[in-house]
Amino acid sequence: MSPTFDRVPAAQLTGRFEPLTHEGSRSISVIVVFTSVESTISALKKAAALASQLGARITLLVPQIVPYPLPITSPPILRDFNEKRFRIIASASPVETKVQICLCRDRMEAVLKVLSPRSLVVIGGRKRWWPTAEKKLGRHLSCAGHEVIMVETE
């Protein structure tokens with residue numbers, strides 16, 4: 001199954017934004033936020049198990065940070081390269097997966113703006129005893145009213 005791609009224009013992240021939905025359907029969507037390749041693969045496995053039980057689809061949300069010296073529409077990594085990389089990652093999932101790449105300055109702000117209310121979010125991260133960026137993102141999303149599942153890798 002080939003993943004579909006959705007490019008979120010950076011201008012939409014500053015104003016009103018349509019929440020994550022799949023075209024023409026009201027089905028449940030499990031959102032996986034990209035953190036690192038290894039952690040995201042583990043999160044996709046967990047999300048696939050959830051999605052198959054719920055009859056849901058998976059959306060891989062990739063917030064691509066563009067540093068301030070560059071214009072927001074010119075990321076430092078070519079989009080074609082990123083799309084190829086995420087196509088390979090998403091193709092491992094047995095459930096229909098949509099990849100959404102959004103250009104942003106702040107990852108947490110972009111994720112909050114893109115998610116629809118009370119979303120089911122899966123975040124992968126390394127197992128550490130101290131608070132990691134992934135755990136902070138998960139806590140922030142949970143406080144914002146989303147259902148967050150953390151998947152820890154060794």
# chains A, B, ... in the order shown; residues from 1 in each chain; ligands from 1
call {"tool": "residues_around", "arguments": {"residues": "range 115-123 of chain A", "least_positions_apart": "2", "cutoff": "9 Å", "atoms": "only C-alpha atoms", "output": "JSON, numbers by chain"}}
result
{"A": [18, 19, 20, 21, 28, 29, 30, 31, 32, 33, 34, 35, 39, 40, 43, 44, 46, 47, 110, 111, 112, 113, 125, 134, 135, 137, 138, 141, 144, 145, 146, 147, 148, 149, 150, 151, 152]}
call {"tool": "select_by_dssp", "arguments": {"residues": "range 21-82 of chain A", "states": "strand (DSSP E or B)", "output": "JSON, numbers by chain"}}
result
{"A": [29, 30, 31, 32, 33, 57, 58, 59, 60, 61, 62, 63, 64, 65]}
call {"tool": "write_last_selection", "arguments": {"atoms": "N, CA and C atoms", "output": "short mmCIF file (atom, residue, chain, number, x, y, z; two decimals), in the first residue's frame"}}
result
data_model
loop_
_atom_site.label_atom_id
_atom_site.label_comp_id
_atom_site.auth_asym_id
_atom_site.auth_seq_id
_atom_site.Cartn_x
_atom_site.Cartn_y
_atom_site.Cartn_z
N SER A 29 -8.91 8.63 13.01
CA SER A 29 -7.55 8.72 12.52
C SER A 29 -6.60 8.67 13.71
N VAL A 30 -5.61 7.80 13.63
CA VAL A 30 -4.57 7.71 14.64
C VAL A 30 -3.39 8.53 14.11
N ILE A 31 -2.97 9.53 14.87
CA ILE A 31 -1.90 10.42 14.46
C ILE A 31 -0.60 9.96 15.08
N VAL A 32 0.43 9.77 14.26
CA VAL A 32 1.77 9.46 14.74
C VAL A 32 2.64 10.68 14.44
N VAL A 33 3.23 11.25 15.48
CA VAL A 33 4.10 12.42 15.30
C VAL A 33 5.52 11.93 15.12
N ARG A 57 -7.52 4.87 10.33
CA ARG A 57 -6.40 5.13 9.43
C ARG A 57 -5.29 5.79 10.23
N ILE A 58 -4.09 5.77 9.67
CA ILE A 58 -2.93 6.37 10.33
C ILE A 58 -2.50 7.59 9.54
N THR A 59 -2.21 8.66 10.26
CA THR A 59 -1.61 9.84 9.67
C THR A 59 -0.26 10.06 10.33
N LEU A 60 0.80 10.05 9.54
CA LEU A 60 2.14 10.34 10.04
C LEU A 60 2.36 11.84 9.87
N LEU A 61 2.38 12.55 10.99
CA LEU A 61 2.56 14.00 10.98
C LEU A 61 4.04 14.31 11.15
N VAL A 62 4.60 15.02 10.17
CA VAL A 62 6.02 15.34 10.17
C VAL A 62 6.20 16.86 10.24
N PRO A 63 6.43 17.39 11.45
CA PRO A 63 6.73 18.82 11.54
C PRO A 63 8.19 19.05 11.16
N GLN A 64 8.41 19.72 10.04
CA GLN A 64 9.77 19.99 9.56
C GLN A 64 10.14 21.42 9.95
N ILE A 65 11.10 21.53 10.83
CA ILE A 65 11.50 22.85 11.34
C ILE A 65 12.39 23.55 10.32
#
call {"tool": "closest_residue", "arguments": {"among": "A:Ala92, A:Ile77, A:Ala133, A:Val66", "to": "Cys104 in chain A", "atoms": "only C-alpha atoms"}}
result
A:Val66
call {"tool": "select_by_dssp", "arguments": {"residues": "chain A", "states": "alpha helix (DSSP H)", "output": "ChimeraX atom specification"}}
result
/A:10-14,37-54,79-91,107-114,133-143
call {"tool": "write_last_selection", "arguments": {"atoms": "C-alpha atoms", "output": "PDB file, in the first residue's frame"}}
result
ATOM      1  CA  ALA A  10       3.493  27.309   6.086  1.00  0.00           C
ATOM      2  CA  ALA A  11       1.039  30.190   5.683  1.00  0.00           C
ATOM      3  CA  GLN A  12      -1.779  27.962   6.921  1.00  0.00           C
ATOM      4  CA  LEU A  13       0.030  27.348  10.200  1.00  0.00           C
ATOM      5  CA  THR A  14      -0.169  31.020  11.129  1.00  0.00           C
ATOM      6  CA  VAL A  37      13.289   7.198  12.540  1.00  0.00           C
ATOM      7  CA  GLU A  38      13.679   4.398  15.107  1.00  0.00           C
ATOM      8  CA  SER A  39      11.132   5.814  17.547  1.00  0.00           C
ATOM      9  CA  THR A  40       8.631   6.583  14.794  1.00  0.00           C
ATOM     10  CA  ILE A  41       8.825   3.042  13.405  1.00  0.00           C
ATOM     11  CA  SER A  42       7.989   1.709  16.888  1.00  0.00           C
ATOM     12  CA  ALA A  43       5.155   4.226  17.181  1.00  0.00           C
ATOM     13  CA  LEU A  44       3.823   3.199  13.745  1.00  0.00           C
ATOM     14  CA  LYS A  45       3.728  -0.455  14.850  1.00  0.00           C
ATOM     15  CA  LYS A  46       1.702   0.483  17.929  1.00  0.00           C
ATOM     16  CA  ALA A  47      -0.540   2.754  15.850  1.00  0.00           C
ATOM     17  CA  ALA A  48      -1.114  -0.033  13.301  1.00  0.00           C
ATOM     18  CA  ALA A  49      -2.276  -2.357  16.078  1.00  0.00           C
ATOM     19  CA  LEU A  50      -4.628   0.350  17.394  1.00  0.00           C
ATOM     20  CA  ALA A  51      -5.872   1.300  13.925  1.00  0.00           C
ATOM     21  CA  SER A  52      -6.680  -2.285  12.981  1.00  0.00           C
ATOM     22  CA  GLN A  53      -8.689  -2.743  16.206  1.00  0.00           C
ATOM     23  CA  LEU A  54     -10.529   0.566  15.760  1.00  0.00           C
ATOM     24  CA  ARG A  79      11.007  18.035   0.120  1.00  0.00           C
ATOM     25  CA  ASP A  80      11.541  15.325  -2.506  1.00  0.00           C
ATOM     26  CA  PHE A  81      14.189  13.700  -0.310  1.00  0.00           C
ATOM     27  CA  ASN A  82      11.908  13.863   2.740  1.00  0.00           C
ATOM     28  CA  GLU A  83       8.934  12.473   0.826  1.00  0.00           C
ATOM     29  CA  LYS A  84      11.005   9.522  -0.370  1.00  0.00           C
ATOM     30  CA  ARG A  85      12.282   8.891   3.166  1.00  0.00           C
ATOM     31  CA  PHE A  86       8.800   9.000   4.707  1.00  0.00           C
ATOM     32  CA  ARG A  87       7.324   6.910   1.890  1.00  0.00           C
ATOM     33  CA  ILE A  88       9.751   4.138   2.903  1.00  0.00           C
ATOM     34  CA  ILE A  89       8.917   4.528   6.605  1.00  0.00           C
ATOM     35  CA  ALA A  90       5.146   4.596   6.025  1.00  0.00           C
ATOM     36  CA  SER A  91       5.122   1.694   3.563  1.00  0.00           C
ATOM     37  CA  ARG A 107       7.274  21.864  16.428  1.00  0.00           C
ATOM     38  CA  MET A 108       4.916  21.971  19.414  1.00  0.00           C
ATOM     39  CA  GLU A 109       2.954  24.947  18.096  1.00  0.00           C
ATOM     40  CA  ALA A 110       2.610  23.357  14.645  1.00  0.00           C
ATOM     41  CA  VAL A 111       1.394  20.036  16.053  1.00  0.00           C
ATOM     42  CA  LEU A 112      -1.188  21.772  18.243  1.00  0.00           C
ATOM     43  CA  LYS A 113      -2.513  23.809  15.297  1.00  0.00           C
ATOM     44  CA  VAL A 114      -2.783  20.811  12.981  1.00  0.00           C
ATOM     45  CA  ALA A 133      11.493  16.394  24.242  1.00  0.00           C
ATOM     46  CA  GLU A 134       9.079  13.631  23.222  1.00  0.00           C
ATOM     47  CA  LYS A 135       7.703  13.271  26.764  1.00  0.00           C
ATOM     48  CA  LYS A 136       7.314  17.048  27.025  1.00  0.00           C
ATOM     49  CA  LEU A 137       5.437  17.102  23.708  1.00  0.00           C
ATOM     50  CA  GLY A 138       3.199  14.269  24.908  1.00  0.00           C
ATOM     51  CA  ARG A 139       2.480  16.016  28.211  1.00  0.00           C
ATOM     52  CA  HIS A 140       1.716  19.285  26.410  1.00  0.00           C
ATOM     53  CA  LEU A 141      -0.674  17.554  23.986  1.00  0.00           C
ATOM     54  CA  SER A 142      -2.332  15.702  26.857  1.00  0.00           C
ATOM     55  CA  CYS A 143      -2.892  18.980  28.718  1.00  0.00           C
TER      56      CYS A 143
END
call {"tool": "atom_distance", "arguments": {"atom1": "CA of Pro67 in chain A", "atom2": "CA of Asp106 in chain A"}}
result
9.4 Å
call {"tool": "atom_distance", "arguments": {"atom1": "CA of Arg128 in chain A", "atom2": "CA of Pro94 in chain A"}}
result
29.0 Å
call {"tool": "closest_residue", "arguments": {"among": "A:Thr153, A:Arg105, A:Leu78, A:Pro71", "to": "Lys127 in chain A", "atoms": "only C-alpha atoms"}}
result
A:Thr153
call {"tool": "atom_distance", "arguments": {"atom1": "CA of Val95 in chain A", "atom2": "CA of Gly124 in chain A"}}
result
17.8 Å
